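Here is the file run.txt (compact mmCIF, C-alpha atoms).
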```txt
# COMPACT_ATOMS: atom_id res chain seq x y z
CA MET S 28 -85.61 -0.46 -53.76
CA GLN S 29 -85.59 -2.12 -50.33
CA GLU S 30 -86.42 -0.11 -47.26
CA SER S 31 -83.29 0.90 -45.40
CA LEU S 32 -82.53 1.53 -41.74
CA THR S 33 -81.87 5.18 -40.91
CA PRO S 34 -78.16 6.12 -41.15
CA GLY S 35 -76.34 7.37 -38.04
CA VAL S 36 -75.22 5.83 -34.78
CA TRP S 37 -77.33 3.05 -33.30
CA GLY S 38 -75.88 2.66 -29.82
CA VAL S 39 -75.47 -0.88 -28.52
CA VAL S 40 -76.81 -0.82 -24.97
CA ALA S 41 -74.99 -2.75 -22.26
CA THR S 42 -77.09 -4.61 -19.70
CA PRO S 43 -76.07 -3.36 -16.24
CA PHE S 44 -76.05 -5.80 -13.32
CA GLN S 45 -75.82 -5.27 -9.58
CA GLY S 46 -74.75 -7.10 -6.45
CA SER S 47 -73.23 -10.53 -5.99
CA ALA S 48 -76.20 -12.15 -7.72
CA LEU S 49 -75.69 -9.95 -10.80
CA ASP S 50 -79.37 -9.06 -11.02
CA ILE S 51 -80.41 -6.58 -13.70
CA ASP S 52 -79.95 -3.01 -12.50
CA THR S 53 -83.01 -1.32 -13.96
CA ASP S 54 -82.03 2.11 -12.60
CA SER S 55 -78.69 2.06 -14.39
CA LEU S 56 -80.31 0.69 -17.54
CA ALA S 57 -82.88 3.50 -17.54
CA GLY S 58 -80.17 6.12 -17.05
CA LEU S 59 -77.96 4.67 -19.78
CA VAL S 60 -80.83 4.59 -22.27
CA GLY S 61 -81.78 8.17 -21.42
CA TYR S 62 -78.18 9.23 -21.87
CA TYR S 63 -78.02 7.81 -25.38
CA GLU S 64 -81.14 9.77 -26.28
CA SER S 65 -79.79 12.98 -24.73
CA ILE S 66 -76.61 12.91 -26.86
CA GLY S 67 -78.40 12.35 -30.16
CA ALA S 68 -78.22 8.64 -30.95
CA THR S 69 -80.23 7.70 -34.05
CA GLY S 70 -81.58 4.62 -32.32
CA LEU S 71 -80.66 1.88 -29.87
CA THR S 72 -79.57 -1.70 -30.34
CA VAL S 73 -80.76 -3.75 -27.38
CA LEU S 74 -80.03 -7.34 -26.33
CA GLY S 75 -77.07 -7.69 -28.66
CA VAL S 76 -73.88 -9.63 -27.98
CA PHE S 77 -72.48 -6.80 -25.83
CA GLY S 78 -75.85 -6.57 -24.10
CA GLU S 79 -75.07 -10.08 -22.79
CA ALA S 80 -78.39 -11.31 -24.16
CA ALA S 81 -77.18 -14.91 -24.26
CA ALA S 82 -76.64 -14.75 -20.47
CA LEU S 83 -80.19 -13.52 -19.76
CA THR S 84 -83.31 -15.57 -19.17
CA ALA S 85 -86.36 -14.95 -21.33
CA ALA S 86 -87.95 -13.08 -18.43
CA GLU S 87 -84.86 -10.91 -18.03
CA ARG S 88 -84.80 -10.09 -21.73
CA GLY S 89 -88.42 -9.03 -21.38
CA LEU S 90 -87.55 -6.83 -18.40
CA VAL S 91 -84.75 -5.12 -20.33
CA LEU S 92 -87.11 -4.32 -23.18
CA GLU S 93 -89.77 -3.07 -20.77
CA VAL S 94 -87.35 -0.59 -19.22
CA VAL S 95 -85.98 0.56 -22.58
CA VAL S 96 -89.42 1.12 -24.10
CA GLU S 97 -90.49 3.08 -21.03
CA GLU S 98 -87.41 5.29 -20.90
CA THR S 99 -86.89 6.40 -24.50
CA ARG S 100 -88.77 7.17 -27.70
CA LEU S 101 -85.83 6.18 -29.89
CA PRO S 102 -86.41 3.40 -32.44
CA LEU S 103 -85.05 0.01 -31.47
CA VAL S 104 -83.14 -2.80 -33.13
CA VAL S 105 -83.40 -5.85 -30.87
CA GLY S 106 -81.03 -8.79 -31.01
CA VAL S 107 -82.10 -12.41 -31.49
CA THR S 108 -79.85 -14.89 -29.71
CA SER S 109 -80.90 -18.15 -31.37
CA LEU S 110 -79.46 -19.40 -34.66
CA TYR S 111 -82.29 -21.94 -35.00
CA THR S 112 -85.43 -20.81 -36.82
CA GLY S 113 -88.07 -22.11 -34.41
CA THR S 114 -86.59 -20.60 -31.26
CA ALA S 115 -85.70 -17.40 -33.12
CA VAL S 116 -89.36 -17.00 -34.07
CA GLU S 117 -90.37 -17.44 -30.43
CA GLU S 118 -87.86 -14.80 -29.37
CA ILE S 119 -89.08 -12.36 -32.00
CA ARG S 120 -92.72 -12.76 -31.01
CA ALA S 121 -91.78 -11.92 -27.43
CA ILE S 122 -89.77 -8.92 -28.67
CA GLN S 123 -92.71 -7.67 -30.72
CA ALA S 124 -95.06 -7.99 -27.76
CA ALA S 125 -92.71 -5.95 -25.57
CA ALA S 126 -91.52 -3.33 -28.08
CA GLY S 127 -94.63 -2.81 -30.22
CA ASP S 128 -94.32 -0.06 -32.81
CA ARG S 129 -90.97 1.02 -31.35
CA LEU S 130 -89.35 -1.97 -33.05
CA ALA S 131 -87.48 -0.88 -36.18
CA ALA S 132 -86.03 -4.35 -36.85
CA VAL S 133 -84.75 -7.49 -35.21
CA MET S 134 -81.07 -8.31 -35.57
CA VAL S 135 -80.54 -11.88 -36.79
CA GLN S 136 -77.12 -13.47 -37.19
CA ALA S 137 -76.19 -15.35 -40.33
CA ASN S 138 -76.65 -18.97 -39.25
CA SER S 139 -74.83 -20.75 -42.09
CA ALA S 140 -72.10 -20.24 -44.67
CA ASN S 141 -74.61 -21.48 -47.23
CA PRO S 142 -76.72 -18.55 -48.49
CA ALA S 143 -79.65 -20.85 -49.29
CA VAL S 144 -79.84 -21.88 -45.63
CA VAL S 145 -79.74 -18.25 -44.45
CA ILE S 146 -82.41 -17.24 -46.98
CA ALA S 147 -84.70 -20.06 -45.83
CA HIS S 148 -84.09 -19.09 -42.19
CA LEU S 149 -84.90 -15.42 -42.76
CA ASN S 150 -87.91 -16.13 -44.96
CA ALA S 151 -89.38 -18.43 -42.34
CA ILE S 152 -88.83 -15.78 -39.67
CA HIS S 153 -90.47 -13.09 -41.77
CA ARG S 154 -93.44 -15.27 -42.73
CA SER S 155 -94.07 -16.07 -39.07
CA THR S 156 -93.52 -12.62 -37.58
CA GLY S 157 -93.56 -9.98 -40.33
CA ALA S 158 -90.47 -8.42 -38.74
CA ASP S 159 -87.89 -6.43 -40.67
CA VAL S 160 -84.38 -7.78 -40.23
CA VAL S 161 -80.89 -6.42 -39.69
CA LEU S 162 -78.60 -9.21 -40.90
CA GLN S 163 -75.55 -9.49 -38.66
CA ASP S 164 -72.29 -11.02 -39.83
CA TYR S 165 -70.32 -11.53 -36.61
CA PRO S 166 -68.41 -14.83 -36.79
CA LEU S 167 -66.67 -14.28 -33.45
CA ALA S 168 -70.06 -14.55 -31.74
CA SER S 169 -71.99 -16.86 -34.05
CA GLY S 170 -69.21 -19.25 -35.03
CA VAL S 171 -70.39 -18.89 -38.64
CA SER S 172 -68.16 -17.53 -41.41
CA ILE S 173 -70.06 -16.47 -44.52
CA SER S 174 -68.58 -14.82 -47.59
CA THR S 175 -69.48 -11.28 -48.58
CA GLU S 176 -70.79 -12.59 -51.90
CA ALA S 177 -73.14 -14.91 -50.03
CA LEU S 178 -74.35 -12.03 -47.83
CA ILE S 179 -75.13 -10.02 -50.94
CA SER S 180 -77.18 -12.86 -52.38
CA VAL S 181 -79.10 -13.22 -49.10
CA VAL S 182 -80.02 -9.54 -48.94
CA ARG S 183 -81.05 -9.48 -52.60
CA ALA S 184 -83.35 -12.46 -51.97
CA CYS S 185 -84.92 -11.01 -48.80
CA SER S 186 -86.65 -7.67 -49.37
CA PHE S 187 -87.38 -7.31 -45.64
CA VAL S 188 -83.67 -7.02 -44.76
CA THR S 189 -83.24 -3.31 -44.06
CA ALA S 190 -79.56 -3.27 -43.05
CA VAL S 191 -76.43 -5.36 -42.73
CA LYS S 192 -74.16 -5.17 -39.70
CA ALA S 193 -70.73 -6.15 -40.98
CA GLU S 194 -68.37 -7.36 -38.24
CA ALA S 195 -66.15 -9.86 -40.04
CA PRO S 196 -62.66 -8.31 -40.43
CA PRO S 197 -61.48 -6.69 -42.59
CA THR S 198 -64.75 -4.83 -42.21
CA SER S 199 -63.94 -1.96 -44.57
CA VAL S 200 -63.37 -4.41 -47.45
CA ALA S 201 -66.67 -6.17 -46.80
CA ILE S 202 -68.52 -2.89 -46.39
CA GLY S 203 -67.13 -1.57 -49.66
CA GLN S 204 -68.36 -4.66 -51.48
CA LEU S 205 -71.74 -4.65 -49.75
CA THR S 206 -72.47 -0.98 -50.37
CA ALA S 207 -71.47 -1.25 -54.03
CA ALA S 208 -73.91 -4.12 -54.56
CA LEU S 209 -76.85 -3.27 -52.27
CA ASP S 210 -79.25 -0.40 -51.64
CA VAL S 211 -79.72 -1.05 -47.90
CA SER S 212 -77.78 0.55 -45.05
CA VAL S 213 -74.57 -1.15 -43.99
CA PHE S 214 -73.19 -0.49 -40.52
CA GLY S 215 -69.86 -1.19 -38.90
CA GLY S 216 -69.50 -2.42 -35.33
CA LEU S 217 -66.59 -3.70 -33.24
CA GLY S 218 -66.55 -0.72 -30.92
CA GLY S 219 -65.82 1.80 -33.66
CA GLN S 220 -62.28 0.54 -34.21
CA GLY S 221 -62.58 0.75 -37.99
CA LEU S 222 -65.17 3.53 -38.17
CA LEU S 223 -63.26 6.01 -40.33
CA ASP S 224 -62.28 3.37 -42.88
CA GLU S 225 -65.81 1.97 -42.84
CA LEU S 226 -67.30 5.39 -43.56
CA MET S 227 -64.90 5.84 -46.45
CA ALA S 228 -65.99 2.43 -47.74
CA GLY S 229 -69.63 3.53 -47.76
CA ALA S 230 -70.95 2.65 -44.30
CA SER S 231 -74.15 4.37 -43.20
CA GLY S 232 -72.76 4.85 -39.71
CA ALA S 233 -72.04 2.68 -36.68
CA MET S 234 -74.10 0.15 -34.79
CA THR S 235 -71.90 -0.46 -31.82
CA GLY S 236 -71.15 0.33 -28.22
CA PHE S 237 -68.37 2.49 -26.80
CA SER S 238 -68.03 4.11 -23.40
CA TYR S 239 -67.92 7.54 -25.10
CA PRO S 240 -70.74 7.18 -27.66
CA GLU S 241 -70.63 10.96 -28.11
CA ALA S 242 -67.42 10.46 -30.09
CA LEU S 243 -69.05 8.05 -32.54
CA ILE S 244 -71.98 10.41 -33.03
CA ALA S 245 -69.68 13.40 -33.57
CA CYS S 246 -67.59 11.44 -36.07
CA VAL S 247 -70.55 10.25 -38.15
CA ARG S 248 -72.18 13.68 -38.14
CA ALA S 249 -68.93 15.31 -39.19
CA TRP S 250 -68.57 12.78 -42.00
CA GLN S 251 -72.11 13.49 -43.21
CA ARG S 252 -71.58 17.27 -43.16
CA GLU S 253 -67.94 17.79 -44.12
CA GLY S 254 -66.24 14.53 -45.00
CA TYR S 255 -63.13 12.69 -43.93
CA GLU S 256 -60.97 15.37 -42.30
CA ALA S 257 -63.74 16.60 -40.04
CA ALA S 258 -64.68 13.03 -39.09
CA ARG S 259 -61.03 12.19 -38.37
CA ASP S 260 -60.62 15.23 -36.15
CA ALA S 261 -63.79 14.38 -34.22
CA LEU S 262 -62.70 10.80 -33.52
CA LEU S 263 -58.95 11.20 -33.13
CA PRO S 264 -58.85 12.09 -29.38
CA TYR S 265 -60.80 8.91 -28.56
CA LEU S 266 -58.89 6.41 -30.68
CA PRO S 267 -56.55 5.29 -27.86
CA LEU S 268 -59.57 4.49 -25.68
CA ILE S 269 -61.39 2.74 -28.54
CA ASN S 270 -58.32 0.57 -29.10
CA PHE S 271 -57.92 -0.08 -25.36
CA GLU S 272 -61.57 -0.99 -24.97
CA GLN S 273 -61.66 -3.50 -27.84
CA GLN S 274 -59.07 -5.93 -26.46
CA ALA S 275 -59.90 -9.53 -27.30
CA LYS S 276 -61.67 -11.61 -24.61
CA ILE S 277 -61.93 -8.71 -22.13
CA ALA S 278 -63.58 -6.01 -24.22
CA LEU S 279 -66.96 -6.30 -22.48
CA ALA S 280 -65.44 -6.02 -19.01
CA ILE S 281 -63.34 -3.01 -20.04
CA ARG S 282 -66.33 -1.22 -21.56
CA LYS S 283 -68.48 -1.81 -18.50
CA GLU S 284 -65.69 -0.60 -16.22
CA CYS S 285 -65.36 2.54 -18.36
CA LEU S 286 -69.13 3.13 -18.24
CA HIS S 287 -68.98 2.68 -14.47
CA GLN S 288 -66.09 5.13 -14.09
CA ARG S 289 -68.07 7.67 -16.15
CA GLY S 290 -71.03 7.30 -13.79
CA LEU S 291 -73.23 5.84 -16.52
CA ILE S 292 -73.82 2.54 -14.69
CA ALA S 293 -73.57 1.84 -10.97
CA ASP S 294 -71.76 -1.52 -11.16
CA PRO S 295 -69.38 -2.88 -13.83
CA GLY S 296 -70.21 -6.55 -13.25
CA VAL S 297 -70.36 -9.03 -16.15
CA ARG S 298 -71.92 -12.46 -16.18
CA PRO S 299 -69.93 -15.60 -16.94
CA PRO S 300 -68.59 -16.76 -19.30
CA ALA S 301 -67.43 -13.16 -19.85
CA ALA S 302 -64.10 -12.44 -18.19
CA SER S 303 -63.93 -9.83 -15.43
CA PHE S 304 -61.88 -6.64 -15.64
CA PRO S 305 -58.11 -7.27 -15.16
CA GLU S 306 -56.85 -5.01 -12.39
CA ALA S 307 -53.46 -4.86 -14.11
CA LEU S 308 -55.12 -2.57 -16.68
CA ARG S 309 -56.40 -0.07 -14.11
CA PRO S 310 -53.63 2.54 -14.69
CA GLY S 311 -54.14 2.39 -18.44
CA LEU S 312 -57.89 2.73 -18.07
CA ARG S 313 -57.48 5.84 -15.92
CA ALA S 314 -55.09 7.43 -18.40
CA HIS S 315 -57.34 6.78 -21.39
CA LEU S 316 -60.49 7.95 -19.59
CA THR S 317 -58.78 11.14 -18.45
CA GLU S 318 -57.71 11.92 -22.01
CA ALA S 319 -61.20 11.22 -23.36
CA ALA S 320 -62.86 13.33 -20.67
CA GLU S 321 -60.58 16.26 -21.46
CA ALA S 322 -61.49 15.99 -25.13
CA LEU S 323 -65.22 15.88 -24.40
CA GLY S 324 -65.42 18.66 -21.84
CA PRO S 325 -68.60 19.08 -19.75
CA SER S 326 -71.19 16.39 -20.56
CA PRO S 327 -74.90 16.04 -19.76
CA ALA S 328 -75.77 15.00 -16.22
CA VAL S 329 -76.27 11.28 -15.65
CA ALA S 330 -79.24 10.15 -13.59
CA PHE S 331 -78.95 6.39 -13.13
CA THR S 332 -79.47 6.77 -9.39
CA THR S 333 -83.16 7.70 -9.70
CA ALA S 334 -85.08 6.22 -6.83
CA GLY S 335 -86.57 2.79 -6.75
CA ARG S 336 -87.75 1.31 -9.99
CA ASN S 337 -89.94 -1.76 -9.42
```

Rewrite the structure from the file as structure tokens, please.
Amino acid sequence: MQESLTPGVWGVVATPFQGSALDIDTDSLAGLVGYYESIGATGLTVLGVFGEAAALTAAERGLVLEVVVEETRLPLVVGVTSLYTGTAVEEIRAIQAAAGDRLAAVMVQANSANPAVVIAHLNAIHRSTGADVVLQDYPLASGVSISTEALISVVRACSFVTAVKAEAPPTSVAIGQLTAALDVSVFGGLGGQGLLDELMAGASGAMTGFSYPEALIACVRAWQREGYEAARDALLPYLPLINFEQQAKIALAIRKECLHQRGLIADPGVRPPAASFPEALRPGLRAHLTEAAEALGPSPAVAFTTAGRN
């Protein structure tokens, strides 16, 4: 039996920016991380695709991890941007130095359609760093399409892989095949768009971002306690916003604008090449956020405006 990442909701943390220079907003980041902990996230996924890790310098990635480690005791999965083994190892060593024993695993993308290449890549990473791995299948970000059968063979060959993050549509089909063949946790992503179907297919939960992460947590908990109907009822009021937020090419900008409107980050800015929020969608955003807020009711206070982090 391989070790397996804890089931639940691992929230994907956005990286907030501020001002015309789009510097990292450490106050907003600290508040966002604290908010995830306050609502019961199982853990956090930091420096992923929606954390804009590829648009950060090495020093900025280190700063993000420093803030996160300081602000929460939740376990962390930290994304690795490079698909090349040597630079991935360098990234992971820096991650380990910053996160220490808080690091549950690093998230590494499948870097080839050939399972032998992925196995060699992961084995070299593990030999050099000792890190446990969440294997991410996200062809939209990586440019790599790998079959589910190949993913299964990779995980079977790599005992240090503790979870798979399946984000190649149709995700519920892949998750069903993965969970039938493997003992490790399998998580859905993509903003929770397919969460109910993924849970029915055997998913351990969600590893994704959404501007109302409370909804994802409520859905997964309801599924664990009572099954499909309870999970459906928990998620149903938020499905229009989930669908709105996951629009191709502008999903990141929409999510950050939603987080900003909720008071969870001070500025919704995104770094290029990400597209900015289309003002034509402003009325729709307001309607969806109003509906979601009515479903949630009173929520914990947000404190991203704490004075002067250095």

Determine, using all atoms listed in the file, which residues of range 191-261 of chain S have any atom at most 8 Å from an atom of range 171-184 of chain S, and tabulate each with its shortest atom pair and distance in Å to one decimal place, rows ordered by chain and then rising number, as CSV.
```
residue,atom,partner,partner_atom,distance
S:Ala201,CA,S:Thr175,CA,6.1
S:Gln204,CA,S:Thr175,CA,7.3
S:Leu205,CA,S:Ile179,CA,6.5
S:Ala208,CA,S:Ile179,CA,7.0
S:Leu209,CA,S:Ile179,CA,7.1
```

> Which residues, written as a count of residues only, have at least one atom at most 10 Å from range 190-195 of chain S, with only C-alpha atoms counted and residues fewer than 5 positions away on the same chain left out?
Replying inline: 48

>> Which residues are near range 239-242 of chain S? Cut-off 9 Å, only C-alpha atoms, ignore same chain within fewer than 5 positions. Put them as a VMD selection string.
In response: chain S and resid 36 38 63 66 to 68 247 261 to 262 264 to 265 268 to 269 285 to 286 289 319 to 320 323

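In this structure, CA of Leu103 in chain S sits 23.1 Å away from CA of Val297 in chain S.
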
>> Set the distance at 12 Å and use all atoms listed in the file: which residues neighbour Thr84 in chain S once local chain neighbours fewer than 2 positions away are removed? I'd like the list as a ChimeraX atom specification.
In response: /S:50-51,74,79-82,86-91,108,118

>> Considering only C-alpha atoms, can you say which of S:Thr69, S:Thr112, S:Thr189, S:Gln123 comes closest to Asn150 in chain S?
In response: S:Thr112

> What gap, in Å, lies between CA of Gln274 in chain S and CA of Pro43 in chain S?
Replying inline: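 So the answer is 20.0 Å.
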
> Between S:Cys246, S:Ile146, S:Leu279, S:Ile152, which has the minimum distance to Pro295 in chain S (counting all atoms listed in the file)?
Replying inline: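 When distances to Pro295 in chain S are compared using all atoms listed in the file, the smallest one comes from S:Leu279.
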
> Which of these residues is nearest to Tyr111 in chain S, using only C-alpha atoms: S:Ala131, S:Val96, S:Ala147, S:Ala125?
Replying inline: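 Checking each of S:Ala131, S:Val96, S:Ala147, S:Ala125 against Tyr111 in chain S, counting only C-alpha atoms, the winner is S:Ala147.
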
> Can you tell me, as number ranges by chain, what residues are no more than 8 Å from Val116 in chain S when counting only C-alpha atoms, ignoring any on the same chain fewer than 3 positions away?
Replying inline: S: 112-113, 119-120, 152, 155-156

>> I'd like to know which of S:Met227, S:Val39, S:Val73, S:Ala280 is closest to Arg298 in chain S, using all atoms listed in the file.
In response: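 Checking each of S:Met227, S:Val39, S:Val73, S:Ala280 against Arg298 in chain S, counting all atoms listed in the file, the winner is S:Ala280.
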
> Which residues come within 9 Å of range 126-130 of chain S, counting all atoms listed in the file, excluding same-chain residues fewer than 5 positions away, as a ChimeraX atom specification?
Replying inline: /S:92-93,95-96,100-105,121,158-159

> What separation in Å, quoted to one decimal, exists between CA of Trp250 in chain S and CA of Gly324 in chain S?
Replying inline: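 Straight-line distance from CA of Trp250 in chain S to CA of Gly324 in chain S works out to 21.2 Å.
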
Mind working out the centre and edge lengths of an axis-aligned box for range 167-170 of chain S, all listed atoms inside, 4 Å added to each side, rounded to one decimal in Å and written as AutoDock Vina command-line options?
```
--center_x -69.3 --center_y -16.8 --center_z -33.4 --size_x 13.3 --size_y 13.0 --size_z 11.3
```

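Residue nearest Glu97 in chain S within the list S:Ser109, S:Thr53, S:Thr114, S:Ser139: S:Thr53 [criterion: smallest interatomic distance, all atoms listed in the file].
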
> Pick the closest to Asn270 in chain S from S:Ser238, S:Thr72, S:Gln251, S:Ser47: which is it, counting only C-alpha atoms?
Replying inline: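 When distances to Asn270 in chain S are compared using only C-alpha atoms, the smallest one comes from S:Ser238.
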